[in-house]
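Structure first, then comments.
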Amino acid sequence: MREVHLPHLPSDVEARNKDLIADVWYKGKETQIKQDQQNIKIRMKNIVIFGAPGSGKGTQSDLMIEHYGLGHISTGDVLRNEIKNGTELGKTAKGFIDNGQLIPDDLMVSILAKKYDEFGRGHKGVIFDGFPRTIPQAEALKKMLDERGDKVAAMIELDVPEDELMTRLIKRGKDSGRADDNEETIKKRLVVYHSQTLPLIEWYKQEGLHHHINGSGTLERIFSDIQKVIDNL
């Protein structure tokens, strides 16, 4: 009689081992994916740069962008671009501006959210420059980031004495020809800053995100202090 060789059928033990290996592989893969996502969260460093007009937010933002590869969202720039490009959000914002009204916080957050989403999911972090300026705006920003699984990693305050701010802004006005950098207008802007914006410091302290930086001195020393904050996040 001819011997017939049947294909090998795995025993119960072998089958269980294969299922176990597959299960371990899938669980390992799932864990790796979760770890990769967590690493992205850890690397993502969203920063609120904060300070009075003339405190050096723009200059220090440029240095952070160059050194860390962070994105940058300047409220004024984003708003002007939306209006210039004639987007629906821009048209709505222009309507408020043309009527001499302040842009509602929810509209401003929608504009910022649109810009934020353009950086994609794997970005290193974004500097928020010029926003938030009030506690309701800070709460709205927190909610917007929460909805995306993100958060503000730090609020960096550049603290400069008022007399130095005046000197800087008046000089900037002479150098650049900016009409709003005259003594009377500067004083009004500082009054608004102290009454509306300064309370944000306490709010971010309660959030555990506030970092004070002495904004007087050389650019190099100031940026070195900022680096210490960011590198330890």
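To be explicit about the labels: the chains of the structure tokens are called A, B, and onward in the order shown, and within each one the residues are counted from 1, while ligands get numbers from 1 in the order they are shown.
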message: as a list in words, please: the residues near Arg189 (chain A) (cut-off 12 Å, only C-alpha atoms, same-chain neighbours under 6 positions excluded).
response: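 These residues fall inside the cut-off: Ala52, Pro53, Gly54, Glu162, Leu165, Met166, Leu169, Asp180, Asp181, Asn182, Glu183, Ser195, Gln196 and Thr197 of chain A.
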Just N, CA and C atoms for this one: save the residues we selected as a PDB file, in the first residue's frame.
ATOM      1  N   ALA A  52       4.259  93.094  27.759  1.00  0.00           N
ATOM      2  CA  ALA A  52       3.700  94.374  27.340  1.00  0.00           C
ATOM      3  C   ALA A  52       4.226  94.754  25.961  1.00  0.00           C
ATOM      4  N   PRO A  53       3.577  95.711  25.287  1.00  0.00           N
ATOM      5  CA  PRO A  53       4.117  96.205  24.017  1.00  0.00           C
ATOM      6  C   PRO A  53       5.549  96.693  24.215  1.00  0.00           C
ATOM      7  N   GLY A  54       6.444  96.256  23.330  1.00  0.00           N
ATOM      8  CA  GLY A  54       7.843  96.659  23.433  1.00  0.00           C
ATOM      9  C   GLY A  54       8.693  95.761  24.298  1.00  0.00           C
ATOM     10  N   GLU A 162       8.338  99.765  32.986  1.00  0.00           N
ATOM     11  CA  GLU A 162       7.539 100.612  32.104  1.00  0.00           C
ATOM     12  C   GLU A 162       8.346 101.742  31.475  1.00  0.00           C
ATOM     13  N   LEU A 165      10.100 100.325  28.580  1.00  0.00           N
ATOM     14  CA  LEU A 165       9.149 100.063  27.486  1.00  0.00           C
ATOM     15  C   LEU A 165       8.883 101.341  26.700  1.00  0.00           C
ATOM     16  N   MET A 166       8.670 102.447  27.409  1.00  0.00           N
ATOM     17  CA  MET A 166       8.422 103.728  26.751  1.00  0.00           C
ATOM     18  C   MET A 166       9.597 104.114  25.858  1.00  0.00           C
ATOM     19  N   LEU A 169       9.718 101.816  22.712  1.00  0.00           N
ATOM     20  CA  LEU A 169       8.639 102.035  21.748  1.00  0.00           C
ATOM     21  C   LEU A 169       8.780 103.370  21.030  1.00  0.00           C
ATOM     22  N   ASP A 180       1.579 104.561  15.547  1.00  0.00           N
ATOM     23  CA  ASP A 180       1.037 104.234  16.878  1.00  0.00           C
ATOM     24  C   ASP A 180       2.117 104.200  17.953  1.00  0.00           C
ATOM     25  N   ASP A 181       3.376 104.409  17.565  1.00  0.00           N
ATOM     26  CA  ASP A 181       4.443 104.414  18.557  1.00  0.00           C
ATOM     27  C   ASP A 181       4.805 105.848  18.951  1.00  0.00           C
ATOM     28  N   ASN A 182       3.809 106.600  19.428  1.00  0.00           N
ATOM     29  CA  ASN A 182       4.056 107.916  20.004  1.00  0.00           C
ATOM     30  C   ASN A 182       3.687 107.860  21.472  1.00  0.00           C
ATOM     31  N   GLU A 183       4.177 108.823  22.240  1.00  0.00           N
ATOM     32  CA  GLU A 183       4.074 108.727  23.701  1.00  0.00           C
ATOM     33  C   GLU A 183       2.628 108.611  24.191  1.00  0.00           C
ATOM     34  N   SER A 195      -4.705  96.732  32.715  1.00  0.00           N
ATOM     35  CA  SER A 195      -6.070  96.495  33.193  1.00  0.00           C
ATOM     36  C   SER A 195      -6.658  95.188  32.676  1.00  0.00           C
ATOM     37  N   GLN A 196      -6.358  94.831  31.422  1.00  0.00           N
ATOM     38  CA  GLN A 196      -7.002  93.668  30.805  1.00  0.00           C
ATOM     39  C   GLN A 196      -6.088  92.449  30.682  1.00  0.00           C
ATOM     40  N   THR A 197      -4.831  92.688  30.366  1.00  0.00           N
ATOM     41  CA  THR A 197      -3.942  91.579  30.013  1.00  0.00           C
ATOM     42  C   THR A 197      -3.130  91.064  31.190  1.00  0.00           C
TER      43      THR A 197
END
task: Give the strand (DSSP E) residues of region 136-183 of chain A, as assigned by DSSP on the backbone, as a ChimeraX atom specification.
output: /A:152-159
Print the selection's residues with C-alpha atoms to a file, as a PDB file, in the first residue's frame.
ATOM      1  CA  VAL A 152      -0.031  74.898  26.216  1.00  0.00           C
ATOM      2  CA  ALA A 153       3.313  73.722  27.587  1.00  0.00           C
ATOM      3  CA  ALA A 154       4.387  77.091  29.007  1.00  0.00           C
ATOM      4  CA  MET A 155       3.502  80.744  29.254  1.00  0.00           C
ATOM      5  CA  ILE A 156       6.712  82.772  29.075  1.00  0.00           C
ATOM      6  CA  GLU A 157       6.394  86.302  30.449  1.00  0.00           C
ATOM      7  CA  LEU A 158       8.943  88.923  29.353  1.00  0.00           C
ATOM      8  CA  ASP A 159       8.982  91.441  32.193  1.00  0.00           C
TER       9      ASP A 159
END
task: Could you tell me which of A:Gln206, A:His211, A:Ile170, A:Leu89 comes closest to Glu184 (chain A) if we count only C-alpha atoms?
output: A:Ile170
- prompt: Hey, which of A:Leu63, A:Ile97, A:Thr134, A:Phe119 ends up closest to Glu202 (chain A)? Count only C-alpha atoms.
  reply: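 Counting only C-alpha atoms, the residue closest to Glu202 (chain A) is A:Thr134.
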query: What does the distance between CA of Gly120 (chain A) and CA of Gln227 (chain A) come to in Å, to one decimal place?
result: 24.4 Å
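Picture a line from CA of Tyr68 (chain A) to CA of Ile230 (chain A); it runs 9.3 Å.
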9 Å contact set for Lys151 (chain A), only C-alpha atoms, chain neighbours under 3 positions out, as a short mmCIF file (atom, residue, chain, number, x, y, z; two decimals) with C-alpha atoms, in the first residue's frame:
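The result, stored in out.cif:
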data_model
loop_
_atom_site.label_atom_id
_atom_site.label_comp_id
_atom_site.auth_asym_id
_atom_site.auth_seq_id
_atom_site.Cartn_x
_atom_site.Cartn_y
_atom_site.Cartn_z
CA LYS A 41 2.81 64.95 22.75
CA MET A 44 5.16 69.22 21.13
CA LYS A 45 5.87 72.44 23.00
CA ASN A 46 3.14 75.02 22.48
CA LEU A 141 -7.41 78.67 23.71
CA LYS A 142 -7.16 75.90 26.29
CA LYS A 143 -10.48 74.44 25.10
CA MET A 144 -9.43 74.62 21.43
CA LEU A 145 -6.20 72.74 22.15
CA ASP A 146 -7.98 70.22 24.42
CA ARG A 148 -7.17 68.36 19.54
#
- prompt: Which residue out of A:Gly56, A:Gly71, A:Gly86, A:Pro136 has the minimum interatomic distance to Tyr116 (chain A) when only C-alpha atoms are used?
  reply: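 Counting only C-alpha atoms, the residue closest to Tyr116 (chain A) is A:Gly71.
With only C-alpha atoms as the atoms that count, the minimum distance from Ile47 (chain A) to the choices A:His67, A:His72, A:Lys114, A:Arg133 is reached by A:His72.
When only C-alpha atoms are used to measure the gap to Gly76 (chain A), the shortest distance among A:Leu219, A:Phe128, A:Asp231, A:Pro104 belongs to A:Phe128.
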- request: Go through region 65-183 of chain A and collect every residue that DSSP, computed from the backbone, puts in alpha helix (DSSP H); the answer should be as number ranges by chain.
  value: A: 65-68, 75-84, 88-98, 105-117, 135-146, 162-176, 183
File of the preceding selection, C-alpha atoms, as a tab-separated table (two decimals), in the first residue's frame:
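For reference, again.tsv as written:
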chain	number	residue	atom	x	y	z
A	65	ILE	CA	11.61	79.62	15.77
A	66	GLU	CA	15.18	79.44	14.49
A	67	HIS	CA	16.51	77.36	17.40
A	68	TYR	CA	13.62	74.95	18.03
A	75	THR	CA	-2.77	87.27	15.93
A	76	GLY	CA	-2.32	90.45	13.90
A	77	ASP	CA	-0.60	88.70	10.98
A	78	VAL	CA	-3.16	85.88	10.83
A	79	LEU	CA	-6.07	88.32	10.94
A	80	ARG	CA	-4.62	90.51	8.20
A	81	ASN	CA	-3.99	87.46	5.97
A	82	GLU	CA	-7.54	86.15	6.43
A	83	ILE	CA	-8.96	89.55	5.46
A	84	LYS	CA	-6.53	89.97	2.55
A	88	GLU	CA	-15.25	83.62	5.07
A	89	LEU	CA	-13.65	84.10	8.49
A	90	GLY	CA	-11.78	87.13	7.14
A	91	LYS	CA	-14.95	88.70	5.73
A	92	THR	CA	-16.74	88.22	9.04
A	93	ALA	CA	-13.82	89.74	10.97
A	94	LYS	CA	-13.65	92.69	8.55
A	95	GLY	CA	-17.33	93.38	9.19
A	96	PHE	CA	-16.66	93.84	12.90
A	97	ILE	CA	-13.57	95.98	12.27
A	98	ASP	CA	-15.31	98.21	9.71
A	105	ASP	CA	-13.33	85.80	21.10
A	106	ASP	CA	-15.04	82.81	19.47
A	107	LEU	CA	-14.36	84.20	15.98
A	108	MET	CA	-10.72	84.93	16.83
A	109	VAL	CA	-10.26	81.42	18.22
A	110	SER	CA	-11.80	79.95	15.04
A	111	ILE	CA	-9.28	81.91	12.96
A	112	LEU	CA	-6.38	80.77	15.17
A	113	ALA	CA	-7.63	77.16	15.14
A	114	LYS	CA	-7.65	77.19	11.32
A	115	LYS	CA	-4.04	78.39	11.29
A	116	TYR	CA	-3.01	75.94	14.03
A	117	ASP	CA	-4.44	72.98	12.10
A	135	ILE	CA	-8.70	85.34	30.73
A	136	PRO	CA	-11.72	84.35	28.57
A	137	GLN	CA	-9.35	84.13	25.58
A	138	ALA	CA	-6.96	81.95	27.60
A	139	GLU	CA	-9.83	79.65	28.51
A	140	ALA	CA	-10.94	79.52	24.86
A	141	LEU	CA	-7.41	78.67	23.71
A	142	LYS	CA	-7.16	75.90	26.29
A	143	LYS	CA	-10.48	74.44	25.10
A	144	MET	CA	-9.43	74.62	21.43
A	145	LEU	CA	-6.20	72.74	22.15
A	146	ASP	CA	-7.98	70.22	24.42
A	162	GLU	CA	7.54	100.61	32.10
A	163	ASP	CA	10.06	103.43	31.63
A	164	GLU	CA	12.21	101.10	29.51
A	165	LEU	CA	9.15	100.06	27.49
A	166	MET	CA	8.42	103.73	26.75
A	167	THR	CA	12.00	104.33	25.62
A	168	ARG	CA	12.00	101.24	23.38
A	169	LEU	CA	8.64	102.04	21.75
A	170	ILE	CA	9.40	105.70	21.11
A	171	LYS	CA	12.71	104.69	19.51
A	172	ARG	CA	10.91	102.03	17.44
A	173	GLY	CA	8.45	104.67	16.27
A	174	LYS	CA	11.25	106.96	15.13
A	175	ASP	CA	13.11	104.13	13.38
A	176	SER	CA	10.09	102.54	11.68
A	183	GLU	CA	4.07	108.73	23.70
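Atom to atom, CA of Trp203 (chain A) and CA of Lys187 (chain A) stand 24.5 Å apart.
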task: Rank A:Ile201, A:Ile222, A:Leu190, A:Val126 by their smallest atom-to-atom distance to Ile73 (chain A), using only C-alpha atoms, and report the top residue only.
output: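 Closest to Ile73 (chain A) of all the choices is A:Val126.
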